[in-house]
>>> print(open('data_0.cif').read())   # mmCIF, C-alpha atoms
data_protein
#
loop_
_atom_site.label_atom_id
_atom_site.label_comp_id
_atom_site.auth_asym_id
_atom_site.auth_seq_id
_atom_site.Cartn_x
_atom_site.Cartn_y
_atom_site.Cartn_z
CA MET Y 34 -2.23 46.09 29.56
CA GLU Y 35 -4.38 48.34 27.45
CA ILE Y 36 -3.60 46.60 24.17
CA LEU Y 37 -4.59 43.18 25.46
CA ASN Y 38 -7.87 44.60 26.64
CA GLU Y 39 -8.37 46.20 23.25
CA PHE Y 40 -8.13 42.77 21.63
CA GLY Y 41 -10.36 41.21 24.24
CA ILE Y 42 -7.70 38.88 25.51
CA ASN Y 43 -9.09 36.68 28.23
CA PRO Y 44 -6.88 34.11 30.00
CA ILE Y 45 -9.79 31.71 30.35
CA LEU Y 46 -10.40 31.88 26.61
CA LEU Y 47 -6.72 31.28 25.95
CA ALA Y 48 -6.80 28.24 28.19
CA ALA Y 49 -9.99 27.02 26.53
CA GLN Y 50 -8.44 27.26 23.10
CA ALA Y 51 -5.23 25.57 24.29
CA VAL Y 52 -7.37 22.76 25.69
CA ASN Y 53 -9.24 22.60 22.39
CA PHE Y 54 -5.96 22.17 20.61
CA ALA Y 55 -4.80 19.49 23.01
CA ILE Y 56 -8.03 17.55 22.60
CA LEU Y 57 -7.85 17.86 18.83
CA LEU Y 58 -4.22 16.77 18.85
CA PHE Y 59 -5.06 13.73 20.92
CA ILE Y 60 -8.05 12.66 18.85
CA LEU Y 61 -6.43 13.28 15.48
CA LYS Y 62 -3.31 11.44 16.56
CA LYS Y 63 -5.36 8.46 17.59
CA PHE Y 64 -7.87 8.37 14.75
CA MET Y 65 -6.01 9.82 11.83
CA TYR Y 66 -2.24 10.01 12.03
CA LYS Y 67 -1.62 6.59 13.46
CA PRO Y 68 -3.77 4.49 11.15
CA ILE Y 69 -2.92 6.46 8.05
CA LEU Y 70 0.81 6.58 8.68
CA LYS Y 71 0.67 2.88 9.41
CA VAL Y 72 -1.08 2.11 6.18
CA LEU Y 73 1.34 4.37 4.29
CA GLU Y 74 4.27 2.53 5.80
CA GLU Y 75 2.68 -0.80 5.03
CA ARG Y 76 2.04 0.20 1.45
CA LYS Y 77 5.61 1.39 1.07
CA LYS Y 78 6.82 -1.95 2.33
CA ARG Y 79 4.44 -3.79 0.06
CA ILE Y 80 5.57 -1.81 -2.96
CA ALA Y 81 9.22 -2.41 -2.17
CA GLU Y 82 8.47 -6.08 -1.80
CA SER Y 83 6.57 -6.25 -5.07
CA LEU Y 84 9.37 -4.45 -6.86
CA LYS Y 85 11.85 -6.91 -5.48
CA ASN Y 86 9.59 -9.77 -6.48
CA ALA Y 87 9.20 -8.35 -9.96
CA GLU Y 88 12.95 -8.12 -10.30
CA GLU Y 89 13.33 -11.69 -9.19
CA ILE Y 90 10.63 -12.84 -11.58
CA GLU Y 91 12.34 -11.04 -14.42
CA LYS Y 92 15.64 -12.61 -13.49
CA ARG Y 93 14.07 -16.00 -13.34
CA LEU Y 94 12.36 -15.43 -16.66
CA GLN Y 95 15.65 -14.50 -18.22
CA GLU Y 96 17.25 -17.57 -16.77
CA THR Y 97 14.45 -19.73 -18.09
CA ASN Y 98 14.76 -18.13 -21.49
CA GLU Y 99 18.45 -18.80 -21.49
CA LYS Y 100 17.83 -22.38 -20.47
CA ILE Y 101 15.26 -22.79 -23.19
CA ASP Y 102 17.63 -21.30 -25.73
CA ALA Y 103 20.37 -23.67 -24.61
CA MET Y 104 17.96 -26.59 -24.78
CA ILE Y 105 16.80 -25.63 -28.24
CA GLY Y 106 20.41 -25.28 -29.37
CA LYS Y 107 21.25 -28.67 -27.95
CA ALA Y 108 18.20 -30.25 -29.52
CA ALA Y 109 19.04 -28.70 -32.89
CA ASN Y 110 22.59 -30.02 -32.60
CA GLU Y 111 21.34 -33.46 -31.76
CA ALA Y 112 18.85 -33.41 -34.57
CA GLN Y 113 21.58 -32.36 -36.96
CA LYS Y 114 23.73 -35.19 -35.66
CA ILE Y 115 20.93 -37.69 -36.12
CA ILE Y 116 20.30 -36.45 -39.62
CA ASP Y 117 23.98 -36.66 -40.48
CA GLU Y 118 24.25 -40.11 -39.03
CA SER Y 119 21.21 -41.39 -40.82
CA LYS Y 120 22.50 -39.87 -44.04
CA LYS Y 121 25.77 -41.66 -43.56
CA GLU Y 122 23.94 -44.83 -42.66
CA GLY Y 123 21.75 -44.48 -45.69
CA VAL Y 124 24.76 -44.12 -47.93
CA LEU Y 125 26.36 -47.11 -46.30
CA TYR Y 126 23.22 -49.13 -46.65
CA LEU Y 127 22.94 -48.16 -50.29
CA GLU Y 128 26.47 -49.24 -50.90
CA GLU Y 129 25.93 -52.48 -49.11
CA THR Y 130 22.77 -53.11 -51.03
CA LYS Y 131 24.54 -52.39 -54.23
CA ILE Y 132 27.29 -54.79 -53.32
CA ARG Y 133 24.83 -57.40 -52.26
CA ALA Y 134 22.82 -56.93 -55.44
CA GLY Y 135 25.99 -57.23 -57.48
CA ARG Y 136 26.89 -60.39 -55.67
CA MET Y 137 23.44 -61.81 -56.18
CA ALA Y 138 23.51 -60.98 -59.83
CA GLU Y 139 26.88 -62.67 -60.15
CA GLU Y 140 25.57 -65.71 -58.38
CA LEU Y 141 22.53 -65.75 -60.56
CA ILE Y 142 24.65 -65.51 -63.65
CA LYS Y 143 26.90 -68.26 -62.40
CA LYS Y 144 23.93 -70.45 -61.60
CA SER Y 145 22.33 -69.94 -64.95
CA GLU Y 146 25.63 -70.61 -66.64
CA GLU Y 147 25.94 -73.83 -64.72
CA ALA Y 148 22.41 -74.77 -65.57
CA ALA Y 149 23.04 -74.02 -69.18
CA ARG Y 150 26.17 -76.15 -69.12
CA ALA Y 151 24.32 -79.01 -67.46
CA GLU Y 152 21.59 -78.74 -70.01
CA THR Y 153 24.10 -78.87 -72.79
CA ALA Y 154 25.75 -81.94 -71.31
CA LYS Y 155 22.41 -83.59 -70.90
CA MET Y 156 21.47 -82.81 -74.43
CA GLN Y 157 24.78 -84.16 -75.70
CA GLN Y 158 24.18 -87.35 -73.79
CA GLU Y 159 20.72 -87.65 -75.24
CA VAL Y 160 21.93 -86.96 -78.71
CA MET Y 161 24.63 -89.60 -78.31
CA ASN Y 162 22.11 -92.12 -77.08
CA LYS Y 163 19.89 -91.38 -80.04
CA VAL Y 164 22.84 -91.64 -82.37
CA ALA Y 165 23.83 -94.97 -80.82
CA GLU Y 166 20.31 -96.18 -81.26
CA ILE Y 167 20.25 -95.02 -84.84
CA VAL Y 168 23.62 -96.64 -85.46
CA ALA Y 169 22.42 -99.84 -83.88
CA VAL Y 170 19.32 -99.83 -85.99
CA GLY Y 171 21.42 -99.04 -89.07
CA LEU Y 172 23.88 -101.85 -88.32
CA GLN Y 173 21.03 -104.19 -87.74
CA LYS Y 174 19.66 -103.28 -91.08
CA VAL Y 175 23.07 -103.56 -92.68
CA THR Y 176 24.13 -106.77 -91.05
CA GLY Y 177 20.74 -108.15 -91.14
CA LYS Y 178 21.02 -109.90 -88.02
CA ILE Y 179 20.05 -109.16 -84.65
CA LEU Y 180 22.99 -108.73 -82.61
CA ASN Y 181 22.86 -110.16 -79.25
CA LYS Y 182 23.06 -108.01 -76.33
CA LYS Y 183 26.75 -108.48 -75.87
CA ASP Y 184 27.60 -107.66 -79.47
CA GLN Y 185 25.29 -104.73 -79.45
CA ARG Y 186 27.07 -103.25 -76.51
CA GLU Y 187 30.43 -103.89 -77.94
CA ILE Y 188 29.56 -102.31 -81.24
CA ILE Y 189 27.91 -99.32 -79.60
CA GLU Y 190 30.82 -98.76 -77.34
CA ARG Y 191 33.25 -98.98 -80.20
CA SER Y 192 31.30 -96.61 -82.35
CA VAL Y 193 30.84 -94.24 -79.50
CA LYS Y 194 34.58 -94.33 -78.93
CA ASN Y 195 35.08 -93.61 -82.57
CA LEU Y 196 32.61 -90.80 -82.52
CA SER Y 197 34.11 -88.99 -79.69
CA MET O 240 -21.80 47.50 9.18
CA GLU O 241 -19.71 48.91 11.98
CA SER O 242 -19.73 45.46 13.59
CA ALA O 243 -17.08 44.33 11.06
CA ILE O 244 -14.34 46.35 12.69
CA VAL O 245 -14.67 44.95 16.17
CA LEU O 246 -11.45 43.44 17.43
CA LYS O 247 -12.99 41.71 20.41
CA PRO O 248 -14.96 38.55 19.83
CA GLU O 249 -18.61 38.83 20.75
CA ILE O 250 -19.62 36.99 23.89
CA LEU O 251 -22.76 34.92 23.41
CA GLY O 252 -23.10 33.74 26.97
CA TYR O 253 -21.31 32.35 29.96
CA PHE O 254 -20.70 28.81 31.09
CA LYS O 255 -19.75 29.37 34.69
CA ASN O 256 -16.60 31.49 34.31
CA LEU O 257 -15.99 30.59 30.69
CA PRO O 258 -17.25 33.23 28.29
CA ILE O 259 -18.63 31.45 25.21
CA THR O 260 -17.55 33.69 22.37
CA ASN O 261 -18.63 33.18 18.79
CA THR O 262 -15.03 32.32 17.86
CA LEU O 263 -14.85 29.67 20.55
CA LEU O 264 -18.07 28.22 19.21
CA VAL O 265 -16.56 28.08 15.71
CA SER O 266 -13.45 26.48 17.17
CA TRP O 267 -15.61 23.72 18.61
CA ILE O 268 -17.45 23.30 15.34
CA THR O 269 -14.13 23.06 13.50
CA MET O 270 -12.87 20.48 15.96
CA PHE O 271 -16.06 18.51 15.61
CA ILE O 272 -15.85 18.52 11.82
CA LEU O 273 -12.20 17.49 11.85
CA VAL O 274 -12.83 14.68 14.28
CA VAL O 275 -15.80 13.41 12.28
CA LEU O 276 -13.79 13.59 9.07
CA SER O 277 -10.85 11.76 10.58
CA ILE O 278 -13.08 9.01 11.93
CA LEU O 279 -14.86 8.70 8.60
CA ALA O 280 -11.55 8.61 6.76
CA THR O 281 -10.10 5.84 8.89
CA ARG O 282 -13.25 3.90 9.69
CA LYS O 283 -11.98 1.03 7.60
CA VAL O 284 -8.45 1.61 6.53
CA GLN O 285 -7.64 -0.19 3.32
CA LEU O 286 -4.37 -0.86 1.64
CA VAL O 287 -5.94 0.31 -1.58
CA PRO O 288 -7.28 3.68 -0.53
CA SER O 289 -10.35 5.46 -1.77
CA GLY O 290 -12.31 8.61 -1.06
CA LEU O 291 -11.55 10.43 2.17
CA GLN O 292 -8.78 8.05 3.13
CA ASN O 293 -7.03 8.86 -0.12
CA LEU O 294 -7.36 12.61 0.46
CA PHE O 295 -6.02 12.48 3.99
CA GLU O 296 -3.28 10.09 2.97
CA MET O 297 -2.10 12.60 0.40
CA VAL O 298 -2.13 15.44 2.94
CA LEU O 299 -0.47 13.41 5.68
CA ASP O 300 2.10 11.91 3.35
CA PHE O 301 3.09 15.35 2.15
CA GLY O 302 3.20 16.66 5.71
CA TYR O 303 5.20 13.72 6.99
CA THR O 304 7.71 13.97 4.16
CA THR O 305 8.17 17.68 4.88
CA VAL O 306 8.63 17.11 8.60
CA SER O 307 11.02 14.20 8.22
CA ASP O 308 13.05 16.10 5.62
CA LEU O 309 13.54 18.93 8.08
CA ALA O 310 13.66 17.14 11.41
CA GLY O 311 14.98 13.72 10.56
CA GLU O 312 13.15 10.43 10.84
CA LYS O 313 13.41 10.13 14.63
CA LYS O 314 12.15 13.56 15.63
CA ALA O 315 9.57 13.55 12.86
CA LYS O 316 7.55 10.94 14.74
CA VAL O 317 7.22 13.38 17.65
CA PHE O 318 6.90 16.65 15.76
CA PHE O 319 4.59 15.47 13.05
CA PRO O 320 1.33 15.11 15.01
CA VAL O 321 1.69 18.56 16.58
CA VAL O 322 2.65 20.33 13.39
CA MET O 323 0.02 18.54 11.33
CA THR O 324 -2.69 19.34 13.86
CA PHE O 325 -1.77 23.02 13.71
CA PHE O 326 -2.05 22.90 9.95
CA LEU O 327 -5.34 21.03 9.79
CA PHE O 328 -6.94 23.01 12.61
CA ILE O 329 -6.01 26.41 11.21
CA LEU O 330 -6.80 25.43 7.63
CA ALA O 331 -10.19 24.00 8.54
CA ALA O 332 -11.02 27.01 10.74
CA ASN O 333 -10.03 29.47 8.01
CA TRP O 334 -12.07 27.75 5.33
CA ILE O 335 -15.07 27.14 7.56
CA GLY O 336 -14.97 30.85 8.36
CA LEU O 337 -15.66 31.61 4.69
CA LEU O 338 -18.93 29.71 4.65
CA PRO O 339 -22.15 31.68 4.30
CA GLY O 340 -23.87 32.42 7.58
CA PHE O 341 -20.73 33.71 9.25
CA ALA O 342 -21.27 37.19 10.64
CA THR O 343 -24.79 37.25 9.17
CA ILE O 344 -26.70 34.91 11.46
CA THR O 345 -27.25 36.77 14.72
CA PHE O 346 -27.97 35.64 18.21
CA ASP O 347 -28.98 38.21 20.78
CA LYS O 348 -28.06 40.89 18.24
CA GLU O 349 -24.53 39.50 18.06
CA PRO O 350 -23.16 37.46 15.14
CA LEU O 351 -23.44 33.80 16.07
CA LEU O 352 -20.44 32.68 14.05
CA ARG O 353 -17.14 34.41 13.44
CA SER O 354 -14.03 33.05 11.78
CA MET O 355 -11.96 31.50 14.53
CA ASN O 356 -8.66 33.17 13.72
CA SER O 357 -10.15 36.66 13.55
CA ASP O 358 -9.94 36.58 17.31
CA LEU O 359 -6.53 37.21 18.86
CA ASN O 360 -7.45 34.94 21.78
CA MET O 361 -7.51 31.93 19.53
CA THR O 362 -4.35 32.70 17.58
CA LEU O 363 -2.45 33.72 20.70
CA ALA O 364 -3.51 30.49 22.36
CA LEU O 365 -2.23 28.55 19.35
CA ALA O 366 1.05 30.50 19.34
CA LEU O 367 1.52 29.94 23.06
CA THR O 368 0.80 26.25 22.64
CA SER O 369 3.28 26.12 19.80
CA ALA O 370 5.91 27.87 21.90
CA PHE O 371 5.21 25.68 24.92
CA LEU O 372 5.53 22.50 22.88
CA THR O 373 8.63 23.78 21.12
CA HIS O 374 10.39 24.43 24.42
CA SER O 375 9.15 21.15 25.90
CA PHE O 376 10.64 19.27 22.99
CA ALA O 377 13.87 21.22 23.35
CA ILE O 378 14.13 20.19 27.00
CA ARG O 379 13.27 16.63 26.06
CA TYR O 380 16.00 16.38 23.43
CA LEU O 381 18.70 18.50 25.06
CA GLY O 382 18.11 17.81 28.72
CA PHE O 383 17.37 20.61 31.16
CA LEU O 384 20.98 21.79 31.44
CA GLY O 385 21.51 21.66 27.73
CA TYR O 386 18.35 23.68 27.31
CA LEU O 387 19.49 26.30 29.81
CA SER O 388 22.91 26.55 28.20
CA LYS O 389 21.15 27.73 25.09
CA TRP O 390 20.22 30.96 26.87
CA PHE O 391 22.76 31.44 29.61
CA SER O 392 26.48 31.41 29.34
CA LEU O 393 29.39 32.56 31.47
CA ASN O 394 30.87 34.29 28.49
CA PRO O 395 29.47 37.87 28.71
CA ILE O 396 29.07 38.17 24.94
CA PHE O 397 27.10 34.98 24.68
CA LEU O 398 25.15 35.92 27.79
CA PHE O 399 24.03 39.01 25.95
CA VAL O 400 23.25 36.94 22.87
CA GLY O 401 21.26 34.63 25.09
CA ILE O 402 19.16 37.52 26.35
CA LEU O 403 18.53 38.58 22.77
CA GLU O 404 17.48 35.02 22.02
CA ILE O 405 14.97 35.10 24.86
CA VAL O 406 13.52 38.29 23.45
CA SER O 407 13.35 36.70 20.02
CA GLU O 408 11.46 33.76 21.51
CA LEU O 409 8.85 36.23 22.78
CA THR O 410 8.73 37.88 19.37
CA LYS O 411 8.07 34.52 17.79
CA ILE O 412 4.90 34.19 19.83
CA VAL O 413 3.80 37.69 18.94
CA SER O 414 4.61 37.31 15.26
CA LEU O 415 2.91 33.90 14.98
CA SER O 416 -0.27 35.05 16.65
CA PHE O 417 -0.51 38.47 15.04
CA ARG O 418 0.32 37.22 11.56
CA LEU O 419 -2.48 34.71 11.61
CA PHE O 420 -4.90 37.03 13.35
CA GLY O 421 -4.07 39.97 11.08
CA ASN O 422 -4.48 38.05 7.87
CA ILE O 423 -7.77 36.45 8.74
CA PHE O 424 -9.22 39.49 10.44
CA ALA O 425 -8.27 41.68 7.48
CA GLY O 426 -9.89 39.16 5.17
CA GLU O 427 -13.09 39.30 7.19
CA VAL O 428 -13.10 43.07 7.08
CA VAL O 429 -12.46 43.15 3.32
CA LEU O 430 -15.20 40.62 2.68
CA SER O 431 -17.77 42.43 4.78
CA THR O 432 -16.82 45.79 3.31
CA VAL O 433 -17.04 44.59 -0.27
CA SER O 434 -20.26 42.75 0.51
CA SER O 435 -21.74 45.93 1.97
CA ILE O 436 -20.87 47.82 -1.24
CA PHE O 437 -22.31 45.23 -3.59
CA ALA O 438 -23.28 41.85 -2.25
CA PHE O 439 -23.46 39.97 -5.57
CA ILE O 440 -20.47 38.65 -7.51
CA ALA O 441 -18.22 41.53 -6.37
CA PRO O 442 -16.98 39.66 -3.24
CA LEU O 443 -16.27 36.54 -5.27
CA PRO O 444 -12.63 37.33 -6.17
CA PHE O 445 -12.00 38.15 -2.53
CA TYR O 446 -13.43 34.82 -1.50
CA PHE O 447 -10.96 33.09 -3.80
CA LEU O 448 -8.23 35.24 -2.33
CA GLU O 449 -9.31 34.31 1.19
CA ILE O 450 -9.25 30.61 0.28
CA ILE O 451 -5.62 31.01 -0.73
CA VAL O 452 -4.79 33.17 2.29
CA GLY O 453 -6.41 30.63 4.59
CA PHE O 454 -4.24 27.88 3.17
CA VAL O 455 -1.07 29.95 3.11
CA GLN O 456 -1.49 31.11 6.71
CA ALA O 457 -2.08 27.55 7.90
CA ALA O 458 1.01 26.39 6.00
CA VAL O 459 3.08 29.29 7.35
CA PHE O 460 2.07 28.60 10.92
CA MET O 461 2.87 24.94 10.46
CA MET O 462 6.23 25.52 8.79
CA LEU O 463 7.34 28.14 11.32
CA THR O 464 6.40 25.92 14.23
CA LEU O 465 8.27 23.07 12.62
CA VAL O 466 11.36 25.16 11.96
CA PHE O 467 11.35 26.57 15.51
CA MET O 468 11.06 23.06 16.89
CA VAL O 469 13.91 21.78 14.76
CA LEU O 470 16.15 24.74 15.56
CA LEU O 471 15.52 24.69 19.25
CA SER O 472 15.88 20.96 19.74
CA GLU O 473 19.14 20.87 17.86
CA LYS O 474 22.35 20.51 19.87
CA HIS O 475 24.15 23.80 20.28
CA GLU O 476 27.37 24.10 18.33
CA ALA O 477 30.38 23.97 20.61
CA HIS O 478 31.92 27.39 21.07
#
>>> encode(input="data_0.cif", output="structure tokens")
Amino acid sequence: MEILNEFGINPILLAAQAVNFAILLFILKKFMYKPILKVLEERKKRIAESLKNAEEIEKRLQETNEKIDAMIGKAANEAQKIIDESKKEGVLYLEETKIRAGRMAEELIKKSEEAARAETAKMQQEVMNKVAEIVAVGLQKVTGKILNKKDQREIIERSVKNLS
Amino acid sequence: MESAIVLKPEILGYFKNLPITNTLLVSWITMFILVVLSILATRKVQLVPSGLQNLFEMVLDFGYTTVSDLAGEKKAKVFFPVVMTFFLFILAANWIGLLPGFATITFDKEPLLRSMNSDLNMTLALALTSAFLTHSFAIRYLGFLGYLSKWFSLNPIFLFVGILEIVSELTKIVSLSFRLFGNIFAGEVVLSTVSSIFAFIAPLPFYFLEIIVGFVQAAVFMMLTLVFMVLLSEKHEAH
């Protein structure tokens, strides 16, 4: 084959180059393709995992947020309830206090009235005693004699009866 | 500079029966560099990559995605190492061939270094390897009978088609090897010619061009091998 000779084709050289390729294929496969493809695969897996994790975290976050919102809503409701209740209670208490105060005032008034009445009675009694004494003294002066105890009493009682 | 238009690789010496050509030497250097790089890149593989590991991860990830898109996840595991090695080997050889010192350093009045793929021996060997592996995979996935039924049929029309297919398989080898060889060899010739006209700055655009050509040829070789593998290892449609 003239043309092959022209290009310097040599079967031994062909074989040598084929062997070169085989050696290179073997070494590269062992030292480059395997470890790098493995790490690529691993990274792909890792990324997929992280993405999944991120999704889950987001979901959980949303859930937590919802829970917090619900809790806050509930707490606000409760607070409102407490406020309302205490308001109502306050009003009630005020009313009660008012009533109680009114009652106390009434009592006080009644008491003072009673006291006043008692005082008046006492004073009347005193005045009557004084009057009786004065009358007795006057009678003594008028009659000029000292009435004995029995007379005195009689006279006083009679005059008192007349007075009243 | 008549040495630029020599098709045959220069023989530097003999190791027993094996002629050590300058292209074979460059092939070994390329292999050595690739192996060292791959060991450096994966010396301590980290989940958070950096430096060389990052670079090779990018390349391999792109390659693996391409292969698995075309071949499917299951076959990709088998095809990928072969296809990727073709790509890296050819790419590295093409770019190393552009370094200074190639064709200028001489040994025994012959250039010591010559771009690997400017020798038909090397590209033909790669094409033959590609074809051999393609057919091996076809037999592996189809079984021997299934493989044979791709080429031979009792139906005379399909028998004829089968013969055409066999011819086309041979053409694949020729086209793969000559495409790569032609591109790189032409690049070498252009570079040396332009350099001999004016050695400063003038060759620079051609160097950029050769960088692109080197990449494109490696990618083409890889893609064609991949496509041939996928096509041949696919089950034949029922007639």
>>> atom_distance(input="data_0.cif", atom1="CA of Thr130 in chain Y", atom2="CA of Ile142 in chain Y")
17.8 Å
>>> resolve_selection(input="data_0.cif", expression="the PyMOL selection byres ((chain Y) within 9 of (chain O))", output="ChimeraX atom specification")
/Y:38-51,53-62,64-66,68-70,72-73,75-76
>>> atom_distance(input="data_0.cif", atom1="CA of His374 in chain O", atom2="CA of Tyr386 in chain O")
8.5 Å
>>> closest_residue(input="data_0.cif", among="O:Val428, O:Ile344, O:Leu419, O:Leu264", to="Gly252 in chain O", atoms="only C-alpha atoms")
O:Leu264
>>> atom_distance(input="data_0.cif", atom1="CA of Ala332 in chain O", atom2="CA of Asp347 in chain O")
23.4 Å
>>> resolve_selection(input="data_0.cif", expression="the PyMOL selection byres ((chain O and resi 373) around 10)", output="PyMOL selection string")
chain O and resi 318+321+367-372+374-379+464-472
>>> resolve_selection(input="data_0.cif", expression="the PyMOL selection byres ((chain O and resi 335) around 10)", output="list in words")
Val265, Ser266, Ile268, Thr269, Ile272, Ile329, Leu330, Ala331, Ala332, Asn333, Trp334, Gly336, Leu337, Leu338, Pro339, Phe341, Arg353, Ser354, Met355, Ile450 and Gly453 of chain O
>>> closest_residue(input="data_0.cif", among="O:Ile396, O:Leu448, O:Val459, O:Val317", to="Arg418 in chain O", atoms="only C-alpha atoms")
O:Val459
>>> closest_residue(input="data_0.cif", among="O:Ser388, O:Thr305, O:Asn261, O:Thr410", to="Lys474 in chain O", atoms="all atoms listed in the file")
O:Ser388
>>> axis_aligned_box(input="data_0.cif", around="range 445-462 of chain O", padding_each_side="6 Å", output="JSON")
{"center_x": -3.6, "center_y": 31.5, "center_z": 3.6, "size_x": 31.7, "size_y": 25.2, "size_z": 26.7}
>>> build_atoms(input="data_0.cif", residues="range 104-120 of chain Y", atoms="N, CA, C and O atoms", output="PDB file, keeping the file's coordinate frame")
ATOM      1  N   MET Y 104      18.594 -25.300 -24.473  1.00  0.00           N
ATOM      2  CA  MET Y 104      17.960 -26.590 -24.780  1.00  0.00           C
ATOM      3  C   MET Y 104      17.686 -26.699 -26.270  1.00  0.00           C
ATOM      4  O   MET Y 104      17.963 -27.733 -26.905  1.00  0.00           O
ATOM      5  N   ILE Y 105      17.138 -25.612 -26.816  1.00  0.00           N
ATOM      6  CA  ILE Y 105      16.800 -25.630 -28.240  1.00  0.00           C
ATOM      7  C   ILE Y 105      18.063 -25.846 -29.066  1.00  0.00           C
ATOM      8  O   ILE Y 105      18.105 -26.642 -30.014  1.00  0.00           O
ATOM      9  N   GLY Y 106      19.137 -25.140 -28.654  1.00  0.00           N
ATOM     10  CA  GLY Y 106      20.410 -25.280 -29.370  1.00  0.00           C
ATOM     11  C   GLY Y 106      20.880 -26.730 -29.334  1.00  0.00           C
ATOM     12  O   GLY Y 106      21.269 -27.306 -30.356  1.00  0.00           O
ATOM     13  N   LYS Y 107      20.779 -27.294 -28.104  1.00  0.00           N
ATOM     14  CA  LYS Y 107      21.250 -28.670 -27.950  1.00  0.00           C
ATOM     15  C   LYS Y 107      20.408 -29.610 -28.821  1.00  0.00           C
ATOM     16  O   LYS Y 107      20.943 -30.508 -29.502  1.00  0.00           O
ATOM     17  N   ALA Y 108      19.095 -29.386 -28.760  1.00  0.00           N
ATOM     18  CA  ALA Y 108      18.200 -30.250 -29.520  1.00  0.00           C
ATOM     19  C   ALA Y 108      18.501 -30.136 -31.014  1.00  0.00           C
ATOM     20  O   ALA Y 108      18.540 -31.146 -31.736  1.00  0.00           O
ATOM     21  N   ALA Y 109      18.747 -28.902 -31.462  1.00  0.00           N
ATOM     22  CA  ALA Y 109      19.040 -28.700 -32.890  1.00  0.00           C
ATOM     23  C   ALA Y 109      20.317 -29.452 -33.256  1.00  0.00           C
ATOM     24  O   ALA Y 109      20.398 -30.123 -34.294  1.00  0.00           O
ATOM     25  N   ASN Y 110      21.321 -29.327 -32.364  1.00  0.00           N
ATOM     26  CA  ASN Y 110      22.590 -30.020 -32.600  1.00  0.00           C
ATOM     27  C   ASN Y 110      22.369 -31.519 -32.739  1.00  0.00           C
ATOM     28  O   ASN Y 110      22.875 -32.169 -33.657  1.00  0.00           O
ATOM     29  N   GLU Y 111      21.577 -32.028 -31.772  1.00  0.00           N
ATOM     30  CA  GLU Y 111      21.340 -33.460 -31.760  1.00  0.00           C
ATOM     31  C   GLU Y 111      20.621 -33.885 -33.027  1.00  0.00           C
ATOM     32  O   GLU Y 111      20.955 -34.909 -33.634  1.00  0.00           O
ATOM     33  N   ALA Y 112      19.617 -33.083 -33.369  1.00  0.00           N
ATOM     34  CA  ALA Y 112      18.850 -33.410 -34.570  1.00  0.00           C
ATOM     35  C   ALA Y 112      19.766 -33.446 -35.787  1.00  0.00           C
ATOM     36  O   ALA Y 112      19.704 -34.352 -36.635  1.00  0.00           O
ATOM     37  N   GLN Y 113      20.643 -32.430 -35.829  1.00  0.00           N
ATOM     38  CA  GLN Y 113      21.580 -32.360 -36.960  1.00  0.00           C
ATOM     39  C   GLN Y 113      22.446 -33.629 -36.989  1.00  0.00           C
ATOM     40  O   GLN Y 113      22.680 -34.218 -38.032  1.00  0.00           O
ATOM     41  N   LYS Y 114      22.875 -34.017 -35.774  1.00  0.00           N
ATOM     42  CA  LYS Y 114      23.730 -35.190 -35.660  1.00  0.00           C
ATOM     43  C   LYS Y 114      22.985 -36.422 -36.180  1.00  0.00           C
ATOM     44  O   LYS Y 114      23.518 -37.225 -36.955  1.00  0.00           O
ATOM     45  N   ILE Y 115      21.728 -36.528 -35.709  1.00  0.00           N
ATOM     46  CA  ILE Y 115      20.930 -37.690 -36.120  1.00  0.00           C
ATOM     47  C   ILE Y 115      20.772 -37.722 -37.631  1.00  0.00           C
ATOM     48  O   ILE Y 115      20.950 -38.754 -38.286  1.00  0.00           O
ATOM     49  N   ILE Y 116      20.488 -36.523 -38.171  1.00  0.00           N
ATOM     50  CA  ILE Y 116      20.300 -36.450 -39.620  1.00  0.00           C
ATOM     51  C   ILE Y 116      21.577 -36.878 -40.336  1.00  0.00           C
ATOM     52  O   ILE Y 116      21.565 -37.691 -41.271  1.00  0.00           O
ATOM     53  N   ASP Y 117      22.694 -36.319 -39.844  1.00  0.00           N
ATOM     54  CA  ASP Y 117      23.980 -36.660 -40.480  1.00  0.00           C
ATOM     55  C   ASP Y 117      24.229 -38.159 -40.424  1.00  0.00           C
ATOM     56  O   ASP Y 117      24.606 -38.793 -41.418  1.00  0.00           O
ATOM     57  N   GLU Y 118      23.990 -38.693 -39.228  1.00  0.00           N
ATOM     58  CA  GLU Y 118      24.250 -40.110 -39.030  1.00  0.00           C
ATOM     59  C   GLU Y 118      23.383 -40.954 -39.962  1.00  0.00           C
ATOM     60  O   GLU Y 118      23.856 -41.894 -40.614  1.00  0.00           O
ATOM     61  N   SER Y 119      22.103 -40.575 -39.991  1.00  0.00           N
ATOM     62  CA  SER Y 119      21.210 -41.390 -40.820  1.00  0.00           C
ATOM     63  C   SER Y 119      21.579 -41.251 -42.294  1.00  0.00           C
ATOM     64  O   SER Y 119      21.458 -42.211 -43.067  1.00  0.00           O
ATOM     65  N   LYS Y 120      22.054 -40.062 -42.644  1.00  0.00           N
ATOM     66  CA  LYS Y 120      22.500 -39.870 -44.040  1.00  0.00           C
ATOM     67  C   LYS Y 120      23.641 -40.836 -44.339  1.00  0.00           C
ATOM     68  O   LYS Y 120      23.665 -41.543 -45.349  1.00  0.00           O
TER      69      LYS Y 120
END
